[in-house]
Amino acid sequence: MTTTSSSPETHNGAFDPPTAGTAPSSDRRPGRFARILSRMPRSAWPLLVFALLFLIGGLIRPNLLSLDSLIGTATFAMILAIASFGQTAAVIQGGIDLSVPNTIAFSALSYLTLIGPLGPVGGFIGALAAGTVIGIINGTIVAKLGLTPIVTTIAMNGLLFGVVLLTFKNSELTVIPQFLTDITATKIDVFGLSVAAVLPLGLVLMVILQLVLSYTGWGRSLFLVGSAPETAKLAGQPVDRIRIAGYALSSFLAAFSGIIIVGFYAQASATMGAEYLLGSVAAVLVGGASIAGGRGSMIGTLGGALVLGQVATLVAVANLGSNIQQLIYGVIVLIVIALYARRGRD
Amino acid sequence: MESQSTGGAATKVAAPPAPPSAQLVAANLTKHYGAVTAVDDVSFYCLPGEVHALVGENGAGKSTVAKMLAGAVSPTTGTITAGGVELNTGRIRDARLAGVSCAFQELALVQDWTVAENLALPDGSPLRGFSQRGATRAAEALLAELDLPHIDPRAQVRTLTLADRQLVEIARAIGAKPKLLILDEASSALAPPGVAWLFSRIRELTAVGTSVIYVSHRLKELAEIADRGTVLRDGRVAGEFSRGKWTENQLISMMAGREASRAFPPAPPLSVSERPAVLDVDNLIADGINGISLSIAPGEILGIGGLQGHGQAELLRALYGAIPATADQWSIDGHSVKHLTPERAVRLGAGYVPEDRKTEGLALEMGVGENLLAPWFRTAQLGGTPRLAREKPWMAGVLGSLSVRTRGPLEKSGALSGGNQQKLVFGRWLDRDRRLILLHDPTRGIDVRAKQELYTAIMGLSAAGVGVLWFSTEVEELVHVCHRVVVLYEGRVADELSGARLTAEAVVGAAVGSASQSKEQL
Amino acid sequence: MTTATAPSDRSGISRLWNTTGITRLRREGAVAPITAFLAFFLVYVIINPGLLTRFQLQTAGNLVVPLALAALGQLIIVLVGGIDISIGAIMSLANVVFATAMVSLPVPLAILAGIAAGLACGLFNGYLVAYLRLPAIAVTLASAFIIGSISREVMDRPGGGITPEFYLATSGELLPYLPISIFWLAIIATGMWFVLQRTALGRHIYGVGSNIDSVAAAGLNAKRAQLAAFALSSVVVSLGAIMLAGSTITGDPRSGDSYLLSSIAAVALAGASFTGGRGSIIGTILAACTLGLVGSLLFFAGINSYWQYVISALIVISVVGIPVIWKRLYLALRKAHA
């Protein structure tokens, strides 16, 4: 007696809960276009969409099809991407970091305040250290106290808001050290093009982070923890430590982006990070990450930021205002999760 | 008794013409989950007042059929007719309204509701008013009618024992006053008094013409309660039987499709080893464990038996550090243990194959290779493709020795069949200097060839001096493959069996708490 | 065998502690916020005895009621196991729609318009989460910004047509020493209690938060219960927005922004479980009162009121953290003594 290797895998073991019964939706035949898409890596899809939007922009207003416009959009997108790299790490491990906005503000204002006593580089390190501590606290609360990431990071965001309002007097913080401007806003020559320094800076950062995600043990265990936390625990991985490190990285990168933002735009305020709440989550989701965890990439996040940047350019050209831009970002997030994130079951 | 084939794959059965008086007619039921066929062209009928059994091994499809009858799952093709009304909508509510109710294997109770709320809320429109007192009174009446006076209707379900929860689940199904009652492994958490209670209720129902579908794999119960029955194997009908005209061996043959006594590889002989005991624990106490002492020598296969829910899962998790536990004395491979976590356990040389391979054993979205490497990622070491390349020899060895059918280390593990998935969970511990492996029913729900391959692998571990702790729900496995078997009852060791005393009857006897009897038989 | 709980104990207090209603409050974790509120109230009155004057009671009531309603709205979503990040935005939208409608419509129609705007948001969120099965975090995060943008399109700066009569009707006094806002809160809360505890739908909502699969297996329409939860929540929040508009006599597109953190803090302090299925109405209201008054307590104690953000956040963390840390300490101590 033999059974073939493809003997029926039965889903009716003791572990399948009774479902409310909808017909299985897994029987659709993929079209040819879908099959081409599925061959490409997921992180390339947003780049396609970006190219598409760029062309559409050019159709509406031909002068948008210029290198200048491309570089302008890319610069805006790179800053958003830098603010979103941390969120990528948080989302991959199955959580989310809603304390990004006020971590940005806190870090930027701390930096400007610490330049006095510690000098520009010392201030940089100080602000980054503060960001890391914020992340460690977030991670500890999520991992050890068991509070959900949403509630934890919303609470931290509120806490930081209070701290920022209590600690910093904005009127005194206007001096941006030259060193910072040099690595953000100053134009440098890359392959004959004149681009803001933040562009290559962001690219280098992205490459380093992507290498960590793809090629280090910690990076892969981050995916494991996000995709199957119980499996990770029972495989003997130190899930708590991995999580805390993930949140620490997320806040570290948010703090880093705060300094970059204040350097590039040369202004700081208590609400300077507000637009990055939705922006960072949107960039990460458009980049192909799964909100449930276990999937995502830094390259994808950059692609997502490019898409959102091009949308912002189109909105500006159509003179619709930043309010409408936020609305469109919200709609884009809904479209992306409607495409990728159904919780349905057979 | 008609059987289709005792060997080879089950062939299709022509649907017997159902008499017009039949309460339930299931015709050509088929269920596909994507590419996998769980149920293939199953047909049977049930007369009013009859107890019709659905029998089969784990994974034979009986639970899926029960769910289709109950309306929890809608069949891909095929029809269900209950009392003349066709039921295919896949909505439990419609089934209940048509007089079909089901006590589910996965208890469908809301933990935060009280017993009264769980009994009262299922039928009725949401806009109805709801009164706690009214529901409690109705619940008291129902529980009294069903002879369950010890259950407090005001108690929250999460505070009840597993057995009581099963009783409430059954009460809920009977309370719907169905014309067709489906009991899916309803006796699994019940002790013999509970089973007797259940049979009394069933007889009350059949006396007034209610039909009962009894899904089970406990053949002794079927002998007592089933009027007729259908045997399922690999999702198809393998045969039918009726009361008094069958023997256990015949039924087992139909279920297994081979001779009753399966070929098990015998446990390799134990050699005396100078190494310390792989596991030595004295008076282990944890949630669900009331003082267990064990010792496992290198290379020894220790089986854990007993009815489900008597502490076996907790024992394995405690020994691995997945739940907090204390002991007077505890050592793994000679190293003393105070507070164990899975991380420490792995470092001390333990490995664990958990109960649910899909949610506890694997990351279904990740690849085969990374799942094998799951315990072996280290923060500062390489991961991803360079690591996979470096570990290629090890992975090839593991996949080869277990005969895992996969396209390669990059294939998503969710795409593998159940048996191959289970091999991944098992294989990650091979050739990794393990001293102790804890197995939670590793062969449940997988095909026969995969089972054999796992048995061979476990023999290999034993021969290499690795201690194995094996909890199995299949008594035959315990009896034939293990050196020694410890049977748990209510969180304690009921009996320890080895050598001549290690028989199926002794294991089952100890499992139902009659350990004293089996000792007297010697 | 279960041990049958026989509540007919000897002493009267024990019997009181075990009656159905009190048991339910205990189960839903309401003991903490009730004692917290009583303690807080005591401290407040000591620092500022002036609270017990008619004017201050009125002010306090007007301050606290919109927060209590926002918190109740958040509670309903938490009960079904989710969290609503768009609660502040829904509040802003209902607020500005109401204020704008008051310019040209009679009061009852304007109120309906405000509620309808909020309800539309709730149904939108609920449909996406329950029927399209999208994850609630992403849905409510996105809709928070969409709804917020719409609010700012409806009204880009504070304004609207709210009349002094309306102010009196919502924020004046019903009886001496009883602000009318508290009266409205009591009515709305009673209505909510009725739906949640005395209708089958309410029990379904609790059930969905506890275990949605079991609810579905019981033959109930879990999706409809989820949608109903979002709808009910948004109606309560809209009423809070209207009360807020009444007490400030303006509509403001940013009015709802601060209520996100506060509503979550209130629900956390109320002992609700963020995994769903557990939470009490009274606990939430008292928790909201406590939090709402923290700001004014700081003012009377002479402390910078920006501290209230810090305090709200610390409350959320400690309410969850302290029991965990306590349990660890307790177990460690017990082990040391064993």
# chains A, B, ... in the order shown; residues from 1 in each chain; ligands from 1

call {"tool": "residues_around", "arguments": {"residues": "Leu134 (chain C)", "least_positions_apart": "3", "cutoff": "10 Å", "atoms": "only C-alpha atoms", "output": "PyMOL selection string"}}
result
(chain A and resi 334+337-344) or (chain C and resi 125-131+137-139)

call {"tool": "closest_atom_pairs", "arguments": {"of": "chain C", "to": "chain B", "cutoff": "6 Å", "atoms": "only C-alpha atoms", "output": "Markdown table"}}
result
| residue | atom | partner | partner_atom | distance |
| --- | --- | --- | --- | --- |
| C:Thr2 | CA | B:Leu160 | CA | 5.9 |
| C:Ala4 | CA | B:Asp152 | CA | 5.5 |
| C:Arg198 | CA | B:Phe130 | CA | 4.5 |
| C:Thr199 | CA | B:Gly129 | CA | 4.1 |
| C:Ala200 | CA | B:Pro126 | CA | 4.8 |
| C:Leu201 | CA | B:Pro126 | CA | 4.4 |
| C:Ser210 | CA | B:Asp112 | CA | 6.0 |
| C:Asn211 | CA | B:Val110 | CA | 5.8 |
| C:Ser214 | CA | B:Ala108 | CA | 4.3 |
| C:Ala217 | CA | B:Ala108 | CA | 5.7 |
| C:Ala218 | CA | B:Pro122 | CA | 5.3 |
| C:Gly219 | CA | B:Arg93 | CA | 4.2 |

call {"tool": "write_last_selection", "arguments": {"atoms": "N, CA and C atoms", "output": "mmCIF file, in the first residue's frame"}}
result
data_model
loop_
_atom_site.group_PDB
_atom_site.id
_atom_site.type_symbol
_atom_site.label_atom_id
_atom_site.label_comp_id
_atom_site.auth_asym_id
_atom_site.auth_seq_id
_atom_site.Cartn_x
_atom_site.Cartn_y
_atom_site.Cartn_z
ATOM 1 N N THR C 2 -16.692 21.847 38.121
ATOM 2 C CA THR C 2 -16.574 23.242 38.562
ATOM 3 C C THR C 2 -17.022 23.335 40.001
ATOM 4 N N ALA C 4 -19.275 25.123 42.233
ATOM 5 C CA ALA C 4 -20.427 26.003 42.048
ATOM 6 C C ALA C 4 -20.271 27.201 42.963
ATOM 7 N N ARG C 198 -28.321 45.139 27.823
ATOM 8 C CA ARG C 198 -29.688 44.646 27.825
ATOM 9 C C ARG C 198 -30.205 44.299 26.439
ATOM 10 N N THR C 199 -29.366 44.385 25.431
ATOM 11 C CA THR C 199 -29.820 43.869 24.144
ATOM 12 C C THR C 199 -28.866 42.767 23.717
ATOM 13 N N ALA C 200 -29.380 41.880 22.877
ATOM 14 C CA ALA C 200 -28.533 40.800 22.374
ATOM 15 C C ALA C 200 -27.373 41.379 21.580
ATOM 16 N N LEU C 201 -27.633 42.461 20.838
ATOM 17 C CA LEU C 201 -26.572 43.068 20.036
ATOM 18 C C LEU C 201 -25.395 43.476 20.925
ATOM 19 N N SER C 210 -14.204 39.197 22.514
ATOM 20 C CA SER C 210 -13.614 38.097 23.249
ATOM 21 C C SER C 210 -13.111 37.023 22.283
ATOM 22 N N ASN C 211 -13.952 36.585 21.376
ATOM 23 C CA ASN C 211 -13.530 35.550 20.433
ATOM 24 C C ASN C 211 -14.450 35.571 19.227
ATOM 25 N N SER C 214 -15.722 32.177 17.844
ATOM 26 C CA SER C 214 -16.780 31.500 18.591
ATOM 27 C C SER C 214 -18.129 32.142 18.317
ATOM 28 N N ALA C 217 -19.262 30.867 15.131
ATOM 29 C CA ALA C 217 -19.660 29.471 15.233
ATOM 30 C C ALA C 217 -20.972 29.314 15.975
ATOM 31 N N ALA C 218 -21.346 30.317 16.760
ATOM 32 C CA ALA C 218 -22.630 30.248 17.437
ATOM 33 C C ALA C 218 -23.747 30.636 16.491
ATOM 34 N N GLY C 219 -23.415 30.882 15.249
ATOM 35 C CA GLY C 219 -24.451 31.202 14.282
ATOM 36 C C GLY C 219 -24.834 32.667 14.289
#

call {"tool": "residues_around", "arguments": {"residues": "Ala27 (chain B)", "least_positions_apart": "3", "cutoff": "6 Å", "atoms": "only C-alpha atoms", "output": "mmCIF file with C-alpha atoms, in the first residue's frame"}}
result
data_model
loop_
_atom_site.group_PDB
_atom_site.id
_atom_site.type_symbol
_atom_site.label_atom_id
_atom_site.label_comp_id
_atom_site.auth_asym_id
_atom_site.auth_seq_id
_atom_site.Cartn_x
_atom_site.Cartn_y
_atom_site.Cartn_z
ATOM 1 C CA SER B 43 -22.264 10.378 0.480
ATOM 2 C CA GLY B 78 -22.417 18.284 -3.356
ATOM 3 C CA THR B 79 -25.662 18.748 -1.509
#

call {"tool": "select_by_dssp", "arguments": {"residues": "region 188-232 of chain B", "states": "helix (DSSP H, G or I)", "output": "PDB file with N, CA and C atoms, in the first residue's frame"}}
result
ATOM      1  N   PRO B 192     -15.122   8.834  31.842  1.00  0.00           N
ATOM      2  CA  PRO B 192     -16.205   7.853  31.633  1.00  0.00           C
ATOM      3  C   PRO B 192     -17.564   8.269  32.209  1.00  0.00           C
ATOM      4  N   PRO B 193     -17.667   8.882  33.395  1.00  0.00           N
ATOM      5  CA  PRO B 193     -19.009   9.301  33.826  1.00  0.00           C
ATOM      6  C   PRO B 193     -19.629  10.300  32.848  1.00  0.00           C
ATOM      7  N   GLY B 194     -18.778  11.180  32.301  1.00  0.00           N
ATOM      8  CA  GLY B 194     -19.280  12.154  31.344  1.00  0.00           C
ATOM      9  C   GLY B 194     -19.747  11.488  30.071  1.00  0.00           C
ATOM     10  N   VAL B 195     -19.008  10.459  29.651  1.00  0.00           N
ATOM     11  CA  VAL B 195     -19.409   9.745  28.436  1.00  0.00           C
ATOM     12  C   VAL B 195     -20.742   9.054  28.667  1.00  0.00           C
ATOM     13  N   ALA B 196     -20.919   8.473  29.853  1.00  0.00           N
ATOM     14  CA  ALA B 196     -22.193   7.821  30.165  1.00  0.00           C
ATOM     15  C   ALA B 196     -23.325   8.830  30.129  1.00  0.00           C
ATOM     16  N   TRP B 197     -23.061  10.021  30.685  1.00  0.00           N
ATOM     17  CA  TRP B 197     -24.063  11.082  30.655  1.00  0.00           C
ATOM     18  C   TRP B 197     -24.434  11.393  29.208  1.00  0.00           C
ATOM     19  N   LEU B 198     -23.395  11.499  28.356  1.00  0.00           N
ATOM     20  CA  LEU B 198     -23.623  11.856  26.966  1.00  0.00           C
ATOM     21  C   LEU B 198     -24.494  10.811  26.284  1.00  0.00           C
ATOM     22  N   PHE B 199     -24.197   9.570  26.541  1.00  0.00           N
ATOM     23  CA  PHE B 199     -24.972   8.512  25.889  1.00  0.00           C
ATOM     24  C   PHE B 199     -26.424   8.535  26.361  1.00  0.00           C
ATOM     25  N   SER B 200     -26.638   8.847  27.646  1.00  0.00           N
ATOM     26  CA  SER B 200     -28.030   8.951  28.107  1.00  0.00           C
ATOM     27  C   SER B 200     -28.765  10.046  27.346  1.00  0.00           C
ATOM     28  N   ARG B 201     -28.105  11.176  27.179  1.00  0.00           N
ATOM     29  CA  ARG B 201     -28.752  12.282  26.462  1.00  0.00           C
ATOM     30  C   ARG B 201     -29.042  11.868  25.024  1.00  0.00           C
ATOM     31  N   ILE B 202     -28.072  11.161  24.408  1.00  0.00           N
ATOM     32  CA  ILE B 202     -28.267  10.752  23.015  1.00  0.00           C
ATOM     33  C   ILE B 202     -29.484   9.844  22.931  1.00  0.00           C
ATOM     34  N   ARG B 203     -29.587   8.914  23.891  1.00  0.00           N
ATOM     35  CA  ARG B 203     -30.731   7.992  23.822  1.00  0.00           C
ATOM     36  C   ARG B 203     -32.046   8.720  24.019  1.00  0.00           C
ATOM     37  N   GLU B 204     -32.034   9.730  24.889  1.00  0.00           N
ATOM     38  CA  GLU B 204     -33.263  10.525  25.053  1.00  0.00           C
ATOM     39  C   GLU B 204     -33.666  11.167  23.737  1.00  0.00           C
ATOM     40  N   LEU B 205     -32.672  11.684  23.029  1.00  0.00           N
ATOM     41  CA  LEU B 205     -32.972  12.382  21.785  1.00  0.00           C
ATOM     42  C   LEU B 205     -33.462  11.416  20.714  1.00  0.00           C
ATOM     43  N   THR B 206     -32.791  10.273  20.587  1.00  0.00           N
ATOM     44  CA  THR B 206     -33.201   9.361  19.520  1.00  0.00           C
ATOM     45  C   THR B 206     -34.573   8.779  19.807  1.00  0.00           C
ATOM     46  N   ALA B 207     -34.924   8.701  21.086  1.00  0.00           N
ATOM     47  CA  ALA B 207     -36.247   8.154  21.403  1.00  0.00           C
ATOM     48  C   ALA B 207     -37.359   9.002  20.819  1.00  0.00           C
ATOM     49  N   LEU B 219     -13.321   3.531  19.119  1.00  0.00           N
ATOM     50  CA  LEU B 219     -14.112   2.413  18.633  1.00  0.00           C
ATOM     51  C   LEU B 219     -14.977   1.792  19.721  1.00  0.00           C
ATOM     52  N   LYS B 220     -14.500   1.793  20.963  1.00  0.00           N
ATOM     53  CA  LYS B 220     -15.311   1.174  22.029  1.00  0.00           C
ATOM     54  C   LYS B 220     -16.623   1.921  22.210  1.00  0.00           C
ATOM     55  N   GLU B 221     -16.552   3.267  22.097  1.00  0.00           N
ATOM     56  CA  GLU B 221     -17.790   4.033  22.235  1.00  0.00           C
ATOM     57  C   GLU B 221     -18.744   3.700  21.108  1.00  0.00           C
ATOM     58  N   LEU B 222     -18.198   3.540  19.906  1.00  0.00           N
ATOM     59  CA  LEU B 222     -19.060   3.285  18.759  1.00  0.00           C
ATOM     60  C   LEU B 222     -19.798   1.970  18.925  1.00  0.00           C
ATOM     61  N   ALA B 223     -19.111   0.985  19.488  1.00  0.00           N
ATOM     62  CA  ALA B 223     -19.773  -0.307  19.668  1.00  0.00           C
ATOM     63  C   ALA B 223     -21.025  -0.139  20.500  1.00  0.00           C
ATOM     64  N   GLU B 224     -20.973   0.794  21.451  1.00  0.00           N
ATOM     65  CA  GLU B 224     -22.107   0.949  22.348  1.00  0.00           C
ATOM     66  C   GLU B 224     -23.209   1.801  21.740  1.00  0.00           C
ATOM     67  N   ILE B 225     -22.827   2.868  21.058  1.00  0.00           N
ATOM     68  CA  ILE B 225     -23.833   3.875  20.751  1.00  0.00           C
ATOM     69  C   ILE B 225     -24.254   3.922  19.290  1.00  0.00           C
TER      70      ILE B 225
END

call {"tool": "select_by_dssp", "arguments": {"residues": "region 37-237 of chain A", "states": "strand (DSSP E)", "output": "count of residues only"}}
result
8

call {"tool": "residues_around", "arguments": {"residues": "region 290-301 of chain A", "least_positions_apart": "5", "cutoff": "8 Å", "atoms": "only C-alpha atoms", "output": "MDAnalysis selection string"}}
result
(chainID A and resid 42:44 46 81 84:85 88 91:95 206:207 209:210 213 222:228 283:285 340:341) or (chainID B and resid 365) or (chainID C and resid 135 138)

call {"tool": "write_last_selection", "arguments": {"atoms": "N, CA and C atoms", "output": "compact mmCIF listing (two decimals), in the first residue's frame"}}
result
# COMPACT_ATOMS: atom_id res chain seq x y z
N ARG A 42 8.92 42.29 -4.88
CA ARG A 42 7.87 43.18 -4.41
C ARG A 42 8.32 44.62 -4.26
N SER A 43 9.57 44.81 -3.90
CA SER A 43 10.03 46.17 -3.64
C SER A 43 10.13 46.97 -4.93
N ALA A 44 10.03 46.32 -6.08
CA ALA A 44 10.14 47.07 -7.33
C ALA A 44 8.81 47.67 -7.76
N PRO A 46 6.54 49.65 -6.24
CA PRO A 46 6.33 51.10 -6.09
C PRO A 46 7.16 51.93 -7.07
N ALA A 81 11.64 59.24 3.29
CA ALA A 81 12.14 57.86 3.43
C ALA A 81 13.00 57.71 4.67
N SER A 84 11.09 57.25 7.48
CA SER A 84 10.27 56.03 7.44
C SER A 84 11.07 54.75 7.61
N PHE A 85 12.41 54.84 7.56
CA PHE A 85 13.20 53.61 7.68
C PHE A 85 12.97 52.96 9.04
N THR A 88 9.82 51.14 9.14
CA THR A 88 9.92 49.86 8.43
C THR A 88 10.31 48.75 9.40
N VAL A 91 7.41 47.90 11.69
CA VAL A 91 6.32 47.18 11.04
C VAL A 91 6.72 45.75 10.70
N ILE A 92 7.98 45.56 10.30
CA ILE A 92 8.43 44.21 9.96
C ILE A 92 8.29 43.29 11.17
N GLN A 93 8.59 43.80 12.35
CA GLN A 93 8.49 42.91 13.50
C GLN A 93 7.07 42.81 14.03
N GLY A 94 6.10 43.26 13.25
CA GLY A 94 4.72 43.05 13.62
C GLY A 94 4.16 44.14 14.51
N GLY A 95 4.87 45.23 14.66
CA GLY A 95 4.37 46.32 15.51
C GLY A 95 4.15 47.56 14.68
N MET A 206 20.09 53.79 3.39
CA MET A 206 19.19 52.74 2.96
C MET A 206 19.95 51.45 2.67
N VAL A 207 21.09 51.58 1.99
CA VAL A 207 21.85 50.38 1.65
C VAL A 207 22.32 49.68 2.92
N LEU A 209 21.05 49.78 5.92
CA LEU A 209 19.94 49.17 6.64
C LEU A 209 19.41 47.94 5.92
N GLN A 210 19.36 48.01 4.61
CA GLN A 210 18.88 46.85 3.87
C GLN A 210 19.83 45.67 4.03
N LEU A 213 19.02 44.12 7.28
CA LEU A 213 17.78 43.35 7.24
C LEU A 213 17.94 42.02 6.52
N LEU A 222 14.30 39.29 13.01
CA LEU A 222 13.26 40.31 13.09
C LEU A 222 12.07 39.91 12.23
N PHE A 223 12.36 39.40 11.04
CA PHE A 223 11.29 38.91 10.17
C PHE A 223 10.58 37.73 10.83
N LEU A 224 11.36 36.86 11.44
CA LEU A 224 10.76 35.68 12.06
C LEU A 224 9.81 36.10 13.18
N VAL A 225 10.27 37.04 14.00
CA VAL A 225 9.43 37.50 15.11
C VAL A 225 8.16 38.16 14.60
N GLY A 226 8.26 38.88 13.50
CA GLY A 226 7.08 39.55 12.96
C GLY A 226 6.12 38.59 12.30
N SER A 227 6.68 37.59 11.63
CA SER A 227 5.83 36.70 10.87
C SER A 227 5.22 35.62 11.74
N ALA A 228 5.94 35.14 12.74
CA ALA A 228 5.43 34.05 13.59
C ALA A 228 6.05 34.15 14.97
N ALA A 283 4.43 55.35 3.54
CA ALA A 283 5.59 54.98 2.72
C ALA A 283 5.92 53.51 2.91
N VAL A 284 5.86 53.05 4.15
CA VAL A 284 6.19 51.65 4.44
C VAL A 284 5.18 50.71 3.79
N LEU A 285 3.89 51.05 3.87
CA LEU A 285 2.87 50.17 3.32
C LEU A 285 2.88 50.18 1.80
N TYR A 340 -3.55 44.37 -0.48
CA TYR A 340 -2.62 43.38 0.07
C TYR A 340 -3.02 42.80 1.40
N ALA A 341 -3.89 43.44 2.14
CA ALA A 341 -3.94 43.09 3.56
C ALA A 341 -5.27 42.54 4.02
N GLU B 365 5.27 32.06 6.07
CA GLU B 365 5.64 32.95 4.98
C GLU B 365 7.11 32.88 4.64
N PRO C 135 -7.18 45.45 8.21
CA PRO C 135 -6.73 45.61 9.60
C PRO C 135 -7.13 46.98 10.16
N ALA C 138 -4.55 50.13 10.32
CA ALA C 138 -4.28 50.89 9.10
C ALA C 138 -5.53 51.66 8.66

call {"tool": "residues_around", "arguments": {"residues": "Thr113 (chain A)", "least_positions_apart": "3", "cutoff": "12 Å", "atoms": "only C-alpha atoms", "output": "list in words"}}
result
Phe106, Ser107, Ala108, Leu109, Ser110, Gly116, Pro117, Leu118, Gly119, Pro120, Gly122, Gly123, Phe124, Gly126, Ala127, Val164, Thr167, Phe168, Lys169, Asn170, Ser171, Glu172, Leu173, Thr174, Val175, Ile176, Pro177, Ile259 and Ala268 of chain A

call {"tool": "write_last_selection", "arguments": {"atoms": "N, CA and C atoms", "output": "tab-separated table (two decimals), in the first residue's frame"}}
result
chain	number	residue	atom	x	y	z
A	106	PHE	N	11.40	66.03	19.25
A	106	PHE	CA	12.24	66.00	20.45
A	106	PHE	C	13.71	65.94	20.07
A	107	SER	N	14.02	65.08	19.12
A	107	SER	CA	15.41	64.92	18.74
A	107	SER	C	15.95	66.20	18.10
A	108	ALA	N	15.16	66.80	17.20
A	108	ALA	CA	15.62	68.02	16.54
A	108	ALA	C	15.88	69.12	17.57
A	109	LEU	N	14.93	69.30	18.48
A	109	LEU	CA	15.08	70.37	19.46
A	109	LEU	C	16.19	70.05	20.45
A	110	SER	N	16.32	68.78	20.82
A	110	SER	CA	17.44	68.42	21.71
A	110	SER	C	18.75	68.73	21.04
A	116	GLY	N	25.09	73.84	22.06
A	116	GLY	CA	25.77	74.78	22.94
A	116	GLY	C	26.80	74.09	23.82
A	117	PRO	N	26.34	73.24	24.72
A	117	PRO	CA	27.29	72.59	25.64
A	117	PRO	C	28.18	71.53	24.98
A	118	LEU	N	27.68	70.81	23.96
A	118	LEU	CA	28.43	69.66	23.48
A	118	LEU	C	29.03	69.82	22.09
A	119	GLY	N	28.74	70.92	21.43
A	119	GLY	CA	29.28	71.06	20.07
A	119	GLY	C	28.41	70.31	19.07
A	120	PRO	N	28.58	70.61	17.77
A	120	PRO	CA	27.69	70.01	16.77
A	120	PRO	C	27.73	68.50	16.74
A	122	GLY	N	28.86	66.44	19.19
A	122	GLY	CA	28.39	65.95	20.48
A	122	GLY	C	26.88	66.01	20.59
A	123	GLY	N	26.32	67.11	20.06
A	123	GLY	CA	24.88	67.25	20.10
A	123	GLY	C	24.20	66.16	19.28
A	124	PHE	N	24.83	65.86	18.14
A	124	PHE	CA	24.32	64.80	17.26
A	124	PHE	C	24.23	63.49	18.03
A	126	GLY	N	24.30	63.05	21.23
A	126	GLY	CA	23.37	63.15	22.35
A	126	GLY	C	21.94	62.95	21.91
A	127	ALA	N	21.56	63.61	20.82
A	127	ALA	CA	20.18	63.47	20.35
A	127	ALA	C	19.89	62.05	19.91
A	164	VAL	N	8.37	68.03	25.17
A	164	VAL	CA	8.86	69.06	24.25
A	164	VAL	C	8.31	70.44	24.64
A	167	THR	N	10.06	71.60	27.90
A	167	THR	CA	11.51	71.75	28.00
A	167	THR	C	12.08	72.82	27.08
A	168	PHE	N	11.52	72.91	25.88
A	168	PHE	CA	12.22	73.74	24.90
A	168	PHE	C	11.50	75.05	24.66
A	169	LYS	N	12.28	76.14	24.67
A	169	LYS	CA	11.70	77.42	24.26
A	169	LYS	C	12.13	77.66	22.82
A	170	ASN	N	11.19	77.51	21.91
A	170	ASN	CA	11.54	77.50	20.49
A	170	ASN	C	12.25	78.75	20.02
A	171	SER	N	11.87	79.86	20.60
A	171	SER	CA	12.39	81.12	20.07
A	171	SER	C	13.91	81.18	20.15
A	172	GLU	N	14.49	80.39	21.04
A	172	GLU	CA	15.95	80.49	21.17
A	172	GLU	C	16.69	79.56	20.24
A	173	LEU	N	15.94	78.68	19.57
A	173	LEU	CA	16.64	77.64	18.81
A	173	LEU	C	16.55	77.91	17.33
A	174	THR	N	17.44	78.73	16.83
A	174	THR	CA	17.38	79.02	15.40
A	174	THR	C	18.70	78.78	14.69
A	175	VAL	N	19.74	78.46	15.46
A	175	VAL	CA	21.05	78.36	14.82
A	175	VAL	C	21.31	76.95	14.34
A	176	ILE	N	21.49	76.80	13.05
A	176	ILE	CA	21.81	75.49	12.49
A	176	ILE	C	23.29	75.46	12.18
A	177	PRO	N	24.04	74.55	12.79
A	177	PRO	CA	25.48	74.53	12.53
A	177	PRO	C	25.80	74.18	11.08
A	259	ILE	N	16.98	65.19	13.05
A	259	ILE	CA	18.12	66.09	12.89
A	259	ILE	C	18.27	66.46	11.41
A	268	ALA	N	12.55	74.58	13.22
A	268	ALA	CA	12.14	73.57	14.20
A	268	ALA	C	10.94	74.08	14.97

call {"tool": "residues_around", "arguments": {"residues": "Pro66 (chain C)", "least_positions_apart": "6", "cutoff": "9 Å", "atoms": "only C-alpha atoms", "output": "ChimeraX atom specification"}}
result
/C:185,237,239-244,259

call {"tool": "interface_residues", "arguments": {"of": "chain A", "to": "chain C", "cutoff": "8 Å", "atoms": "only C-alpha atoms", "output": "NGL selection string"}}
result
:A and (17-20 or 141 or 145 or 147-148 or 150-152 or 154-156 or 158-163 or 165-166 or 278 or 291 or 323-324 or 326-331 or 333-334 or 337-338 or 341-344)
